[in-house]
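Single-structure report; data block below.
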Amino acid sequence: MFVKLFYLQVVDSSELSQSAEARRSHPIALHAKRGTIYDRNGNVLAMSKDCMTVCCNPKQVNDPSGAAAIVADALGGKSQDYLEKMRGDGVFAYVARQIESSAATEIEEKLDEKGIEGIYLINDTKRIYPYGSVASQVLGIVGTDGDGLSGIELYYNDILRGEDGEMLLETGAGGTPIAGGNSHISDAKDGSDIVLSIDVDIQRVAEETIAEGVKRYKSDSGSVVVTSPKTGEVLAACSTPLFNISDTTKIESGALSLKPVSSSYEPGSIFKVLSAAIALESESAKPEDVFTVPAYVQVGDDMVSDDDGRTETMDMDLREILRRSSNAGISLVTQERVGETRFARGVAKFGIGELTGIDYPGEVEGLVKQLNQYDGASLGSMSFGQSLAIPLIQMVEAVGSIANDGSRVTPHFLVSKNGEAVKWDPAGTSVSKETADEVTDMMREVVRSGTATAAQVEGYDIAGKTGTGEQADESGYIQNHFVSSLIGFAPASDPEVLVYVGLNGTPYFASTSAATLFSTIMGEALSDSGVQPSS
């Protein structure tokens with residue numbers, strides 16, 4: 001007996017004291033207020049608002065049915081839903097989280113009137129969105145625990161979330177709070193604010209335009225990216241299906257990610273811009289060189305022809321090849337003049353097949369053959385955007401470098417955090433300024449008189465390129481099932497805005513589908529960016 005008493009009083013007194021404290025102290029998280037997210041013009045896209053959370057100690061609730069009825073009357077729903085939480089086995093349960101302060105006051109007053117105990121109200125915060133569903137995919141959602149679950153909220157969670165505090169409630173036997181007991185509170189530390197490059201007005205038009213375009217052109221889905229090619233700042237980005245961030249109970253599969261970042265597609269003929277640039281930069285061809293292009297050019301075991309049904313041999317320079325979007329022409333140039341080594345080197349300099357480093361979760365590298373993986377068809381088919389699959393954000397960066405005198409910049413959303421500007425380092429050089437200028441002038445012609453005439457914006461000098469890439473399944477390419485896209489920038493002489501528009505799984509060519517959507521979005525982006533028309 002003496003030995004046992006000695007052990008309890010001396011040897012293990014510290015451990016027993018800690019065990020008793022653990023049994024008597026119940027921690028409750030006090031959520032930090034997340035930082036506010038602004039667009040580039042100071043508009044609030046997401047902010048945290050003070051609210052209340054209803055919790056209970058089931059062992060202390062003296063009238064569960066009465067309490068549940070009061071909560072249901074204030075918040076809606078069935079009282080049975082709340083009753084189950086008040087009759088649990090533990091000493092703590094959430095009854096209703098992140099409710100309006102007015103509803104919390106009503107609940108508190110009615111509980112007091114009825115003399116109901118065991119129900120508590122604690123301070124909380126919740127995310128609100130002044131612009132409703134606009135930029136939902138970019139922003140992403142926040143869980144009830146205060147952590148970002150997708151989008152920018154996830155990518156910059158460490159900056160935005162702050163540090164939660166904690167309240168320790170001291171309870172006695174059965175979980176009942178001790179009268180006069182210690183209740184330790186460690187205050188929460190609020191998160192930092194951030195400013196994004198998004199322009200909420202351009203974003204809204206991009207979302208409305210692509211959603212309507214998907215319906216009009218019978219597409220599986222659609223995507224838009226708008227950037228400043230000089231800085232890499234993303235002015236707008238979205239892909240369908242869209243969702244309403246204010247009502248996360250209805251989110252379709254795939255809506256939480258940006259397809260231009262997280263999904264890979266064959267880029268199609270927009271890739272001809274890069275192929276032409278590689279030919280010029282490697283001095284394999286000159287702008288004035290004329291090529292005799294037959295109706296059919298052999299690529300591996302296949303014969304490649306043009307989408308316009310041309311059956312006669314034609315003489316074309318690179319400008320005409322791009323203007324007509326000639327598959328036969330560009331594959332002939334790359335196979336007879338450029339060659340595999342110089343082509344593979346040029347593709348790599350544009351960053352194709354590599355992560356861009358965009359600050360958004362889920363970016364993929366795509367599937368791009370390395371030089372040692374080329375087969376007889378690789379060079380010719382890759383030249384017009386087949387036999388490779390990439391997230392289209394890579395094309396945004398690559399074509400953006402053409403607009404930016406050959407200098408690649410990382411596409412990004414973050415402009416500043418906690419009041420301090422964020423610097424983004426250059427991503428490398430794709431081609432010389434001379435090559436970039438020559439290709440830009442060729443892209444002008446595509447919009448003036450080629451496959452992208454529907455992309456024109458009145459009063460502005462636009463450089464662009466259409467793409468109609470075939471989509472494949474396990475059995476091969478699907479007939480009349482295209483990725484129809486257009487990528488371009490303006491003003492062509494001093495680009496301020498780049499727009500990519502893509503429709504996935506549409507039966508329409510880009511010249512009659514993506515081009516019209518491009519025109520709408522580009523017009524809005526130029527106007528909102530303060531770019532004055534030249535004519």
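By convention here, the chains of the structure tokens are called A, B, ... in the order presented, each chain's residues are numbered starting at 1, and ligands are numbered starting at 1 in the order presented.
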Exercise for the section: Based on DSSP run over this structure's backbone, return all residues of range 346-453 of chain A in alpha helix (DSSP H), as a ChimeraX atom specification. Expected result: /A:346-349,378-382,393-403,433-449
Output C-alpha atoms of each residue in that selection to a file, as an mmCIF file, in the first residue's frame.
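So the final result, stored in result_29.cif, reads:
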data_model
loop_
_atom_site.group_PDB
_atom_site.id
_atom_site.type_symbol
_atom_site.label_atom_id
_atom_site.label_comp_id
_atom_site.auth_asym_id
_atom_site.auth_seq_id
_atom_site.Cartn_x
_atom_site.Cartn_y
_atom_site.Cartn_z
ATOM 1 C CA GLY A 346 13.292 25.294 -81.183
ATOM 2 C CA VAL A 347 10.307 23.611 -79.512
ATOM 3 C CA ALA A 348 12.285 23.390 -76.273
ATOM 4 C CA LYS A 349 13.252 27.085 -76.421
ATOM 5 C CA SER A 378 6.846 13.106 -85.689
ATOM 6 C CA LEU A 379 8.482 16.088 -87.345
ATOM 7 C CA GLY A 380 5.878 16.619 -90.031
ATOM 8 C CA SER A 381 2.831 16.066 -87.823
ATOM 9 C CA MET A 382 4.114 18.115 -84.876
ATOM 10 C CA ILE A 393 -1.150 27.754 -71.105
ATOM 11 C CA GLN A 394 2.117 26.673 -72.779
ATOM 12 C CA MET A 395 0.891 28.136 -76.065
ATOM 13 C CA VAL A 396 -0.107 31.315 -74.227
ATOM 14 C CA GLU A 397 3.444 31.687 -72.939
ATOM 15 C CA ALA A 398 5.050 30.686 -76.247
ATOM 16 C CA VAL A 399 2.985 32.970 -78.499
ATOM 17 C CA GLY A 400 3.263 35.635 -75.803
ATOM 18 C CA SER A 401 7.017 35.563 -76.386
ATOM 19 C CA ILE A 402 6.418 36.331 -80.076
ATOM 20 C CA ALA A 403 4.427 39.367 -78.950
ATOM 21 C CA LYS A 433 13.305 40.236 -81.952
ATOM 22 C CA GLU A 434 13.797 40.130 -85.719
ATOM 23 C CA THR A 435 12.141 36.711 -85.952
ATOM 24 C CA ALA A 436 9.350 37.771 -83.600
ATOM 25 C CA ASP A 437 8.637 40.837 -85.742
ATOM 26 C CA GLU A 438 8.567 38.789 -88.959
ATOM 27 C CA VAL A 439 6.172 36.214 -87.506
ATOM 28 C CA THR A 440 3.961 38.948 -86.040
ATOM 29 C CA ASP A 441 3.614 40.512 -89.477
ATOM 30 C CA MET A 442 2.615 37.119 -90.898
ATOM 31 C CA MET A 443 0.007 36.737 -88.169
ATOM 32 C CA ARG A 444 -1.397 40.159 -89.106
ATOM 33 C CA GLU A 445 -2.108 38.804 -92.575
ATOM 34 C CA VAL A 446 -3.933 35.794 -91.129
ATOM 35 C CA VAL A 447 -6.402 38.199 -89.492
ATOM 36 C CA ARG A 448 -6.598 40.618 -92.423
ATOM 37 C CA SER A 449 -7.279 38.106 -95.195
#
Report as a Markdown table: every residue of range 122-162 of chain A with an atom at most 10 Å from range 242-255 of chain A, its closest pair of atoms, and their distance in Å to one decimal, counting only C-alpha atoms, with rows sorted by chain and ascending residue number.
| residue | atom | partner | partner_atom | distance |
| --- | --- | --- | --- | --- |
| A:Arg127 | CA | A:Ser246 | CA | 8.9 |
| A:Ile128 | CA | A:Ser246 | CA | 7.4 |
| A:Tyr129 | CA | A:Ser246 | CA | 7.0 |
| A:Pro130 | CA | A:Ser246 | CA | 9.8 |
| A:Tyr131 | CA | A:Ser246 | CA | 9.7 |
| A:Gly132 | CA | A:Ser246 | CA | 6.4 |
| A:Ser133 | CA | A:Asn244 | CA | 4.5 |
| A:Val134 | CA | A:Asn244 | CA | 7.8 |
| A:Ala135 | CA | A:Ile245 | CA | 8.5 |
| A:Ser136 | CA | A:Ile245 | CA | 5.3 |
| A:Gln137 | CA | A:Ala255 | CA | 7.1 |
| A:Leu139 | CA | A:Ile245 | CA | 8.7 |
| A:Gly140 | CA | A:Ile245 | CA | 7.6 |
| A:Ile141 | CA | A:Ile245 | CA | 6.8 |
| A:Val142 | CA | A:Ile245 | CA | 9.6 |
Write the residues of the selection above to a file with C-alpha atoms, as a short mmCIF file (atom, residue, chain, number, x, y, z; two decimals), in the first residue's frame.
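out.cif, written as the output of this step:
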data_model
loop_
_atom_site.label_atom_id
_atom_site.label_comp_id
_atom_site.auth_asym_id
_atom_site.auth_seq_id
_atom_site.Cartn_x
_atom_site.Cartn_y
_atom_site.Cartn_z
CA ARG A 127 -15.83 33.95 -47.21
CA ILE A 128 -18.05 36.30 -49.22
CA TYR A 129 -17.80 37.29 -52.88
CA PRO A 130 -18.94 40.80 -53.87
CA TYR A 131 -18.95 39.85 -57.59
CA GLY A 132 -20.90 36.65 -57.11
CA SER A 133 -19.78 33.82 -59.36
CA VAL A 134 -17.25 35.86 -61.37
CA ALA A 135 -13.74 34.32 -61.24
CA SER A 136 -14.92 31.35 -59.17
CA GLN A 137 -12.42 28.95 -60.79
CA LEU A 139 -10.33 32.08 -56.75
CA GLY A 140 -11.24 28.55 -55.66
CA ILE A 141 -13.20 27.49 -52.61
CA VAL A 142 -12.46 27.56 -48.88
#
Practice task
Using only C-alpha atoms, find the one residue out of A:Ser485, A:Ser493, A:Ser383, A:Thr231 that sits nearest to Ala427 in chain A.
Solution key: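 Comparing A:Ser485, A:Ser493, A:Ser383, A:Thr231 against Ala427 in chain A, the winner is A:Thr231.
One distance worth recording is that between CA of Ile358 in chain A and CA of Glu163 in chain A, which is 26.1 Å.
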Exercise for the section: Would you mind listing what lies within 12 Å of Ile122 in chain A as a PyMOL selection string, with only C-alpha atoms counted and same-chain residues fewer than 3 positions away left out? Expected result: chain A and resi 28-31+50-56+94-101+104-105+108+119+125+166-167
Problem - Per-residue DSSP, range 113-272 of chain A, filtered to strand (DSSP E), as a count of residues only - result: 36
